[in-house]
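Printed here is work34.cif (mmCIF, C-alpha atoms):
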data_run
loop_
_atom_site.label_atom_id
_atom_site.label_comp_id
_atom_site.auth_asym_id
_atom_site.auth_seq_id
_atom_site.Cartn_x
_atom_site.Cartn_y
_atom_site.Cartn_z
CA MET X 129 109.48 184.83 58.24
CA GLU X 130 110.39 182.28 60.89
CA PHE X 131 109.62 183.22 64.50
CA LEU X 132 113.14 184.27 65.52
CA GLU X 133 113.72 186.12 62.27
CA LEU X 134 110.47 188.05 62.66
CA LYS X 135 111.20 188.85 66.30
CA GLU X 136 114.65 190.16 65.41
CA PHE X 137 113.19 192.25 62.57
CA LEU X 138 110.52 193.78 64.81
CA ASP X 139 112.97 194.39 67.67
CA VAL X 140 115.16 196.40 65.30
CA LYS X 141 112.16 198.44 64.22
CA VAL X 142 111.11 199.06 67.83
CA ASP X 143 114.57 200.47 68.55
CA GLN X 144 114.38 202.56 65.38
CA TYR X 145 111.08 204.26 66.21
CA ASN X 146 110.91 204.18 70.01
CA ARG X 147 113.11 207.23 70.48
CA PRO X 148 112.58 210.96 71.08
CA ASN X 149 112.65 211.95 67.42
CA PHE X 150 109.39 209.96 67.06
CA ILE X 151 107.64 212.52 69.29
CA GLN X 152 107.81 215.59 67.09
CA ASN X 153 105.38 214.41 64.41
CA ASP X 154 103.09 212.32 66.61
CA PRO X 155 100.16 213.41 68.83
CA ILE X 156 102.19 212.25 71.84
CA CYS X 157 104.09 215.53 71.47
CA ILE X 158 101.09 217.28 73.10
CA PRO X 159 101.39 215.73 76.58
CA HIS X 160 105.17 216.07 76.31
CA GLN X 161 104.65 219.82 76.60
CA TYR X 162 103.74 219.34 80.27
CA THR X 163 105.48 218.12 83.42
CA LYS X 164 102.67 217.98 85.99
CA LYS X 165 101.17 214.49 86.13
CA GLN X 166 97.54 215.59 85.82
CA ASP X 167 98.35 217.93 82.93
CA ILE X 168 100.06 215.05 81.13
CA GLU X 169 97.05 212.79 81.70
CA ILE X 170 94.52 215.34 80.42
CA ALA X 171 96.64 216.39 77.44
CA ALA X 172 97.32 212.77 76.52
CA PHE X 173 93.67 211.82 76.81
CA PHE X 174 92.54 214.59 74.47
CA ALA X 175 95.41 213.91 72.06
CA ALA X 176 94.37 210.26 71.88
CA ILE X 177 90.63 210.92 71.59
CA LEU X 178 91.20 213.44 68.79
CA ALA X 179 93.68 211.16 67.00
CA TRP X 180 92.03 210.55 63.69
CA GLY X 181 92.97 212.15 60.42
CA GLN X 182 96.37 213.60 59.51
CA ARG X 183 98.79 213.75 62.41
CA LYS X 184 99.70 217.38 61.68
CA THR X 185 96.04 218.39 61.88
CA ILE X 186 95.55 216.45 65.12
CA ILE X 187 98.52 218.19 66.70
CA ASN X 188 97.36 221.64 65.57
CA LYS X 189 93.85 221.08 66.93
CA CYS X 190 95.25 219.95 70.28
CA ILE X 191 97.47 223.04 70.43
CA GLU X 192 94.41 225.19 69.74
CA LEU X 193 92.39 223.39 72.41
CA PHE X 194 94.93 223.85 75.18
CA GLU X 195 95.58 227.46 74.24
CA ARG X 196 91.88 227.99 75.02
CA MET X 197 92.69 226.60 78.49
CA ASP X 198 95.75 228.86 78.91
CA ASN X 199 97.91 225.72 78.61
CA ASP X 200 96.99 224.85 82.19
CA PRO X 201 94.54 221.96 81.70
CA HIS X 202 94.35 220.52 85.23
CA ASN X 203 93.80 223.93 86.78
CA PHE X 204 91.23 224.71 84.10
CA MET X 205 89.31 221.51 84.80
CA LEU X 206 89.12 222.21 88.51
CA HIS X 207 88.66 225.98 88.65
CA HIS X 208 87.02 227.16 85.42
CA GLY X 209 84.16 229.60 85.50
CA GLU X 210 81.39 230.35 83.03
CA ASP X 211 83.52 232.82 81.09
CA ASP X 212 86.29 230.21 80.82
CA LEU X 213 83.86 227.70 79.35
CA LYS X 214 82.73 230.25 76.77
CA ARG X 215 86.27 230.24 75.39
CA LEU X 216 85.75 226.60 74.42
CA LEU X 217 82.73 227.33 72.26
CA GLY X 218 83.33 226.82 68.57
CA PHE X 219 86.04 224.20 69.00
CA LYS X 220 85.69 221.40 66.46
CA HIS X 221 87.72 218.52 65.10
CA ARG X 222 85.89 216.31 62.63
CA THR X 223 82.78 215.10 64.50
CA PHE X 224 84.07 216.21 67.93
CA ASN X 225 82.54 219.58 68.79
CA ASP X 226 82.07 221.98 71.70
CA THR X 227 79.11 220.02 73.09
CA ASP X 228 81.37 216.99 73.45
CA LEU X 229 84.17 219.13 74.82
CA LEU X 230 82.03 220.69 77.53
CA TYR X 231 80.99 217.24 78.74
CA PHE X 232 84.63 216.09 78.79
CA VAL X 233 85.44 219.12 80.94
CA ALA X 234 82.55 218.29 83.28
CA PHE X 235 83.83 214.73 83.62
CA PHE X 236 87.39 215.83 84.40
CA ASN X 237 86.11 218.38 86.90
CA GLN X 238 84.12 215.71 88.72
CA HIS X 239 86.89 213.12 88.57
CA TYR X 240 89.78 215.30 89.73
CA GLN X 241 87.74 216.62 92.63
CA GLN X 242 87.71 213.05 93.92
CA PHE X 243 90.94 211.50 92.65
CA ASP X 244 94.53 212.56 92.14
CA SER X 245 95.06 210.58 88.94
CA LEU X 246 93.06 209.47 85.91
CA GLU X 247 94.46 205.97 86.39
CA THR X 248 91.77 205.24 88.96
CA ALA X 249 89.13 205.66 86.24
CA PHE X 250 90.42 202.43 84.65
CA LEU X 251 90.60 200.35 87.83
CA SER X 252 88.18 198.01 89.53
CA PRO X 253 85.30 199.96 91.09
CA SER X 254 85.42 197.86 94.23
CA ASP X 255 88.97 199.10 94.75
CA VAL X 256 88.69 202.82 94.16
CA PHE X 257 85.22 204.16 93.44
CA ARG X 258 82.46 205.53 95.57
CA THR X 259 79.29 203.57 94.96
CA ASP X 260 77.31 206.68 94.03
CA PHE X 261 79.37 206.85 90.83
CA LEU X 262 78.26 203.39 89.76
CA THR X 263 75.18 202.18 87.97
CA ASP X 264 73.15 199.38 89.53
CA GLU X 265 74.48 197.01 86.88
CA LEU X 266 78.07 197.78 87.78
CA GLN X 267 77.46 197.53 91.52
CA HIS X 268 76.16 194.00 91.01
CA GLY X 269 79.08 192.91 88.88
CA TYR X 270 80.55 193.99 85.59
CA THR X 271 81.74 190.72 84.08
CA LYS X 272 78.69 190.90 81.81
CA TYR X 273 80.50 193.66 79.92
CA ALA X 274 83.22 191.33 78.72
CA SER X 275 83.08 190.20 75.12
CA SER X 276 83.07 186.61 73.93
CA SER X 277 86.77 186.88 73.13
CA CYS X 278 87.44 186.86 76.85
CA MET X 279 85.68 183.55 77.55
CA LEU X 280 83.13 184.55 80.18
CA SER X 281 83.08 181.03 81.61
CA GLU X 282 86.71 181.43 82.63
CA LEU X 283 86.50 184.88 84.19
CA THR X 284 86.65 183.48 87.68
CA GLN X 285 90.06 182.01 86.90
CA GLN X 286 91.50 184.68 84.63
CA GLU X 287 89.88 188.10 84.32
CA PRO X 288 90.37 190.07 81.08
CA LYS X 289 92.00 193.04 82.73
CA THR X 290 92.22 195.57 79.92
CA GLU X 291 88.85 194.65 78.44
CA ARG X 292 87.21 194.98 81.82
CA SER X 293 89.02 198.27 82.43
CA LEU X 294 87.90 199.79 79.14
CA ASN X 295 84.31 198.67 79.55
CA TYR X 296 84.23 200.04 83.07
CA PHE X 297 85.87 203.32 82.04
CA ARG X 298 83.21 204.02 79.43
CA SER X 299 80.43 203.40 81.92
CA TYR X 300 82.15 205.59 84.50
CA PHE X 301 82.90 208.32 81.96
CA PHE X 302 79.20 208.63 81.14
CA SER X 303 78.00 208.35 84.74
CA LEU X 304 77.29 212.07 85.06
CA PRO X 305 73.61 212.98 84.70
CA ASP X 306 72.34 214.34 81.38
CA TYR X 307 75.40 213.45 79.32
CA PRO X 308 74.91 214.32 75.62
CA ARG X 309 73.90 211.24 73.66
CA ARG X 310 75.98 212.42 70.71
CA THR X 311 79.14 212.27 72.83
CA ILE X 312 78.93 208.51 73.39
CA LYS X 313 80.54 207.78 70.03
CA HIS X 314 83.79 209.45 71.08
CA VAL X 315 84.60 206.96 73.87
CA SER X 316 84.65 203.39 72.64
CA SER X 317 84.77 200.09 74.50
CA PRO X 318 85.07 196.37 73.72
CA MET X 319 81.31 196.13 74.31
CA GLN X 320 80.84 197.86 70.97
CA LYS X 321 83.36 195.44 69.41
CA SER X 322 85.60 198.42 68.74
CA THR X 323 89.37 197.99 68.56
CA CYS X 324 89.51 200.87 71.08
CA LYS X 325 92.59 202.13 69.25
CA ARG X 326 92.58 205.57 70.84
CA LEU X 327 92.14 204.39 74.43
CA ASN X 328 94.67 201.59 73.99
CA MET X 329 97.14 204.15 72.65
CA PHE X 330 96.44 206.41 75.64
CA LEU X 331 97.03 203.50 78.02
CA ARG X 332 100.30 202.69 76.25
CA TRP X 333 101.48 206.25 76.77
CA MET X 334 100.58 206.22 80.46
CA VAL X 335 101.69 202.70 81.41
CA ARG X 336 104.80 201.64 79.46
CA LYS X 337 108.12 202.24 81.24
CA ASP X 338 111.34 201.90 79.27
CA ASN X 339 113.26 205.18 79.72
CA LYS X 340 113.31 205.76 75.96
CA GLY X 341 111.68 209.17 76.34
CA VAL X 342 108.50 208.52 74.34
CA ASP X 343 105.94 206.78 76.58
CA PHE X 344 105.51 208.32 80.03
CA GLY X 345 105.13 205.32 82.35
CA ILE X 346 103.52 207.46 85.08
CA TRP X 347 100.91 204.86 86.06
CA ASN X 348 101.86 201.99 88.32
CA THR X 349 98.80 199.78 88.87
CA ILE X 350 98.13 198.72 85.29
CA LYS X 351 100.97 196.54 83.99
CA PRO X 352 102.55 196.80 80.52
CA SER X 353 101.92 193.07 80.08
CA ASP X 354 98.16 193.72 80.39
CA LEU X 355 97.99 196.29 77.58
CA ILE X 356 96.31 195.67 74.22
CA CYS X 357 98.06 196.83 71.07
CA PRO X 358 96.44 199.89 69.43
CA CYS X 359 95.15 198.57 66.13
CA ASP X 360 94.79 201.35 63.58
CA VAL X 361 94.76 200.96 59.79
CA HIS X 362 98.57 201.06 59.52
CA VAL X 363 99.19 198.55 62.30
CA ASP X 364 96.42 196.29 61.02
CA ARG X 365 97.79 196.28 57.47
CA VAL X 366 101.38 195.57 58.47
CA ALA X 367 100.40 192.92 61.03
CA ARG X 368 98.38 191.06 58.42
CA LYS X 369 101.26 191.12 55.94
CA LEU X 370 103.53 189.69 58.63
CA GLY X 371 101.04 186.93 59.48
CA LEU X 372 100.23 188.26 62.95
CA ILE X 373 96.51 188.59 62.25
CA GLU X 374 94.26 185.97 60.64
CA ARG X 375 90.85 187.32 61.61
CA LYS X 376 89.11 188.77 58.53
CA GLN X 377 87.41 191.76 60.16
CA THR X 378 89.05 194.38 62.34
CA ASP X 379 87.44 194.67 65.77
CA TRP X 380 88.24 194.14 69.45
CA ARG X 381 88.97 190.44 68.96
CA THR X 382 91.43 191.39 66.22
CA ALA X 383 93.33 193.62 68.63
CA VAL X 384 93.35 190.79 71.19
CA GLU X 385 94.57 188.32 68.56
CA LEU X 386 97.40 190.63 67.53
CA THR X 387 98.43 191.25 71.14
CA ASN X 388 98.47 187.52 71.88
CA GLU X 389 100.93 187.08 69.00
CA LEU X 390 103.08 189.96 70.26
CA LEU X 391 103.12 188.41 73.74
CA LYS X 392 105.12 185.56 72.23
CA PHE X 393 107.89 188.03 71.35
CA ASP X 394 107.85 189.81 74.73
CA PRO X 395 105.49 188.56 77.47
CA MET X 396 106.28 191.54 79.72
CA ASP X 397 105.89 194.33 77.15
CA PRO X 398 104.03 193.20 74.02
CA VAL X 399 102.76 196.64 73.06
CA LYS X 400 106.25 198.00 72.45
CA TYR X 401 105.84 196.42 69.01
CA ASP X 402 103.24 199.09 68.25
CA PHE X 403 106.24 201.29 67.43
CA ALA X 404 107.50 198.77 64.90
CA LEU X 405 104.16 198.06 63.21
CA PHE X 406 103.09 201.71 63.12
CA GLY X 407 106.50 202.90 61.95
CA LEU X 408 106.62 200.29 59.20
CA GLY X 409 103.15 201.28 58.07
CA ILE X 410 103.19 205.06 58.15
CA GLU X 411 106.88 205.85 57.67
CA GLU X 412 108.02 203.02 55.40
CA LYS X 413 104.71 202.21 53.67
CA PHE X 414 105.54 198.54 54.32
#
Let me see the structure of the file written as structure tokens.
Amino acid sequence: MEFLELKEFLDVKVDQYNRPNFIQNDPICIPHQYTKKQDIEIAAFFAAILAWGQRKTIINKCIELFERMDNDPHNFMLHHGEDDLKRLLGFKHRTFNDTDLLYFVAFFNQHYQQFDSLETAFLSPSDVFRTDFLTDELQHGYTKYASSSCMLSELTQQEPKTERSLNYFRSYFFSLPDYPRRTIKHVSSPMQKSTCKRLNMFLRWMVRKDNKGVDFGIWNTIKPSDLICPCDVHVDRVARKLGLIERKQTDWRTAVELTNELLKFDPMDPVKYDFALFGLGIEEKF
């Protein structure tokens, strides 16, 4: 397709899928069960982290998880006791088990004792974090965590905001002492050359503002224009068929390449096209 034809096609598909009836069969339905900001953040984070496999199974496992927390996740994170934690034992979804879950709870407990929102966990440490949360490497600069796709030599002129945020978040997430080594695999970052599909999807949910009723738009510091498109198997396949991806492998640089193409269609909100690509892939088998 020519540029304008492709843009028009994708815009139509965005309008088709970016509407409330999309919610019912997608993991985003889990945070939509809540109204309190912190409950939405926690529910969305777990829904994104557990988002692999069939969507119905993901939704059911999230429902089970929050029932174990009396459907009051923020209160649970802050005020749980030993007996409350015992109710989490035995939870499992694929390779995510109760050992991982208990560390996630410990992280949220520590974070929400210090901060009102999870958004601060993705922001520059010099802006929001106490230094005792940071490793020596991070205190002395974290540009080393950027991948080659972000052109380290140009960081002083143009910082890779989302890449830096995701790399920092992973380091911060595992800053508690004695974190389980097995849990590391559940929180990805560009450092591992991962597409970071789950975290990018979570950020889309929290950041995008369009009053369509799907994404929440409850965060204000991170801009929609800075987001990276979640690149799962459906999005990757459709994007390649449409000529939006040329890179042979699928990794962080692939997600960046795709987003750079989507920026040409909408520089302020490129990730809205996730609705189009995902909908075409999973609903229409494009």
>> When you look at Thr185 in chain X with a cut-off of 12 Å (counting all atoms listed in the file), what residues show up, excluding the ones that are within fewer than 6 positions of it in the same chain? I need them as a PyMOL selection string.
In response: chain X and resi 153-155+175+178-179+191-192+220-222
> In terms of the shortest atom-to-atom distance over all atoms listed in the file, which of X:Leu386, X:Met334, X:Leu193, X:Leu370 is closest to Ile356 in chain X?
Replying inline: X:Leu386
Per-residue nearest contacts of range 143-224 of chain X to range 342-348 of chain X (12 Å; all atoms listed in the file) as CSV:
residue,atom,partner,partner_atom,distance
X:Asp143,CA,X:Val342,CA,11.6
X:Tyr145,CA,X:Val342,CA,9.5
X:Asn146,CA,X:Val342,CA,6.6
X:Arg147,CA,X:Val342,CA,6.1
X:Pro148,CA,X:Val342,CA,5.8
X:Asn149,CA,X:Val342,CA,8.8
X:Phe150,CA,X:Val342,CA,7.5
X:Ile151,CA,X:Val342,CA,6.5
X:Gln152,CA,X:Val342,CA,10.2
X:Asn153,CA,X:Val342,CA,12.0
X:Asp154,CA,X:Val342,CA,10.2
X:Pro155,CA,X:Val342,CA,11.1
X:Ile156,CA,X:Val342,CA,7.7
X:Cys157,CA,X:Val342,CA,8.8
X:Ile158,CA,X:Val342,CA,11.5
X:Pro159,CA,X:Phe344,CA,9.2
X:His160,CA,X:Val342,CA,8.5
X:Tyr162,CA,X:Phe344,CA,11.2
X:Thr163,CA,X:Phe344,CA,10.4
X:Lys164,CA,X:Ile346,CA,10.6
X:Lys165,CA,X:Ile346,CA,7.5
X:Gln166,CA,X:Ile346,CA,10.1
X:Asp167,CA,X:Ile346,CA,11.9
X:Ile168,CA,X:Phe344,CA,8.7
X:Glu169,CA,X:Ile346,CA,9.0
X:Ala172,CA,X:Phe344,CA,10.0
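When all atoms listed in the file are used to measure the gap to Tyr240 in chain X, the shortest distance among X:Phe131, X:Tyr401, X:Phe204, X:Phe406 belongs to X:Phe204.
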>> Translate the PyMOL selection byres ((chain X and resi 310-321) around 10) into a concrete residue list for this structure, as a PyMOL selection string.
In response: chain X and resi 177-178+223-225+227-229+231-232+272-277+290-299+301-302+307-309+322-327+378-382
> Got a sec: who's within 7 Å of Leu405 in chain X, counting all atoms listed in the file, leaving out chain neighbours fewer than 5 positions off, as a list of chain:residue names?
Replying inline: X:Val363, X:Val366, X:Ala367
Expected file: the selected residues, C-alpha atoms, as a CSV table (one decimal), keeping the file's coordinate frame:
chain,number,residue,atom,x,y,z
X,363,VAL,CA,99.2,198.6,62.3
X,366,VAL,CA,101.4,195.6,58.5
X,367,ALA,CA,100.4,192.9,61.0
>> What does the structure give for the distance between CA of Ile373 in chain X and CA of Lys289 in chain X, in Å to one decimal?
In response: 21.4 Å
> How far is it from CA of Ala404 in chain X to CA of Val142 in chain X, in Å with one decimal?
Replying inline: 4.7 Å
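Remark: for Cys357 in chain X, the closest of the candidate residues X:Lys376, X:Lys189, X:Arg332, X:Lys337 is X:Arg332 (distances computed over all atoms listed in the file).
Nearest residue to Leu134 in chain X among X:Val335, X:Leu230, X:Met205, X:Leu372 is X:Leu372, counting only C-alpha atoms.
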Suppose a student applies the PyMOL selection byres ((chain X and resi 196-199) around 10) to this structure; what residues should they get, written as a short mmCIF file (atom, residue, chain, number, x, y, z; two decimals) with C-alpha atoms, in the frame of the given file?
data_model
loop_
_atom_site.label_atom_id
_atom_site.label_comp_id
_atom_site.auth_asym_id
_atom_site.auth_seq_id
_atom_site.Cartn_x
_atom_site.Cartn_y
_atom_site.Cartn_z
CA GLN X 161 104.65 219.82 76.60
CA TYR X 162 103.74 219.34 80.27
CA ASP X 167 98.35 217.93 82.93
CA ALA X 171 96.64 216.39 77.44
CA CYS X 190 95.25 219.95 70.28
CA ILE X 191 97.47 223.04 70.43
CA GLU X 192 94.41 225.19 69.74
CA LEU X 193 92.39 223.39 72.41
CA PHE X 194 94.93 223.85 75.18
CA GLU X 195 95.58 227.46 74.24
CA ASP X 200 96.99 224.85 82.19
CA PRO X 201 94.54 221.96 81.70
CA HIS X 202 94.35 220.52 85.23
CA ASN X 203 93.80 223.93 86.78
CA PHE X 204 91.23 224.71 84.10
CA MET X 205 89.31 221.51 84.80
CA HIS X 208 87.02 227.16 85.42
CA ASP X 212 86.29 230.21 80.82
CA LEU X 213 83.86 227.70 79.35
CA LYS X 214 82.73 230.25 76.77
CA ARG X 215 86.27 230.24 75.39
CA LEU X 216 85.75 226.60 74.42
CA LEU X 217 82.73 227.33 72.26
CA PHE X 219 86.04 224.20 69.00
#
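Using only C-alpha atoms, the nearest neighbour of Glu133 in chain X within the list X:Tyr300, X:Phe414, X:Phe393, X:Phe403 is X:Phe393.
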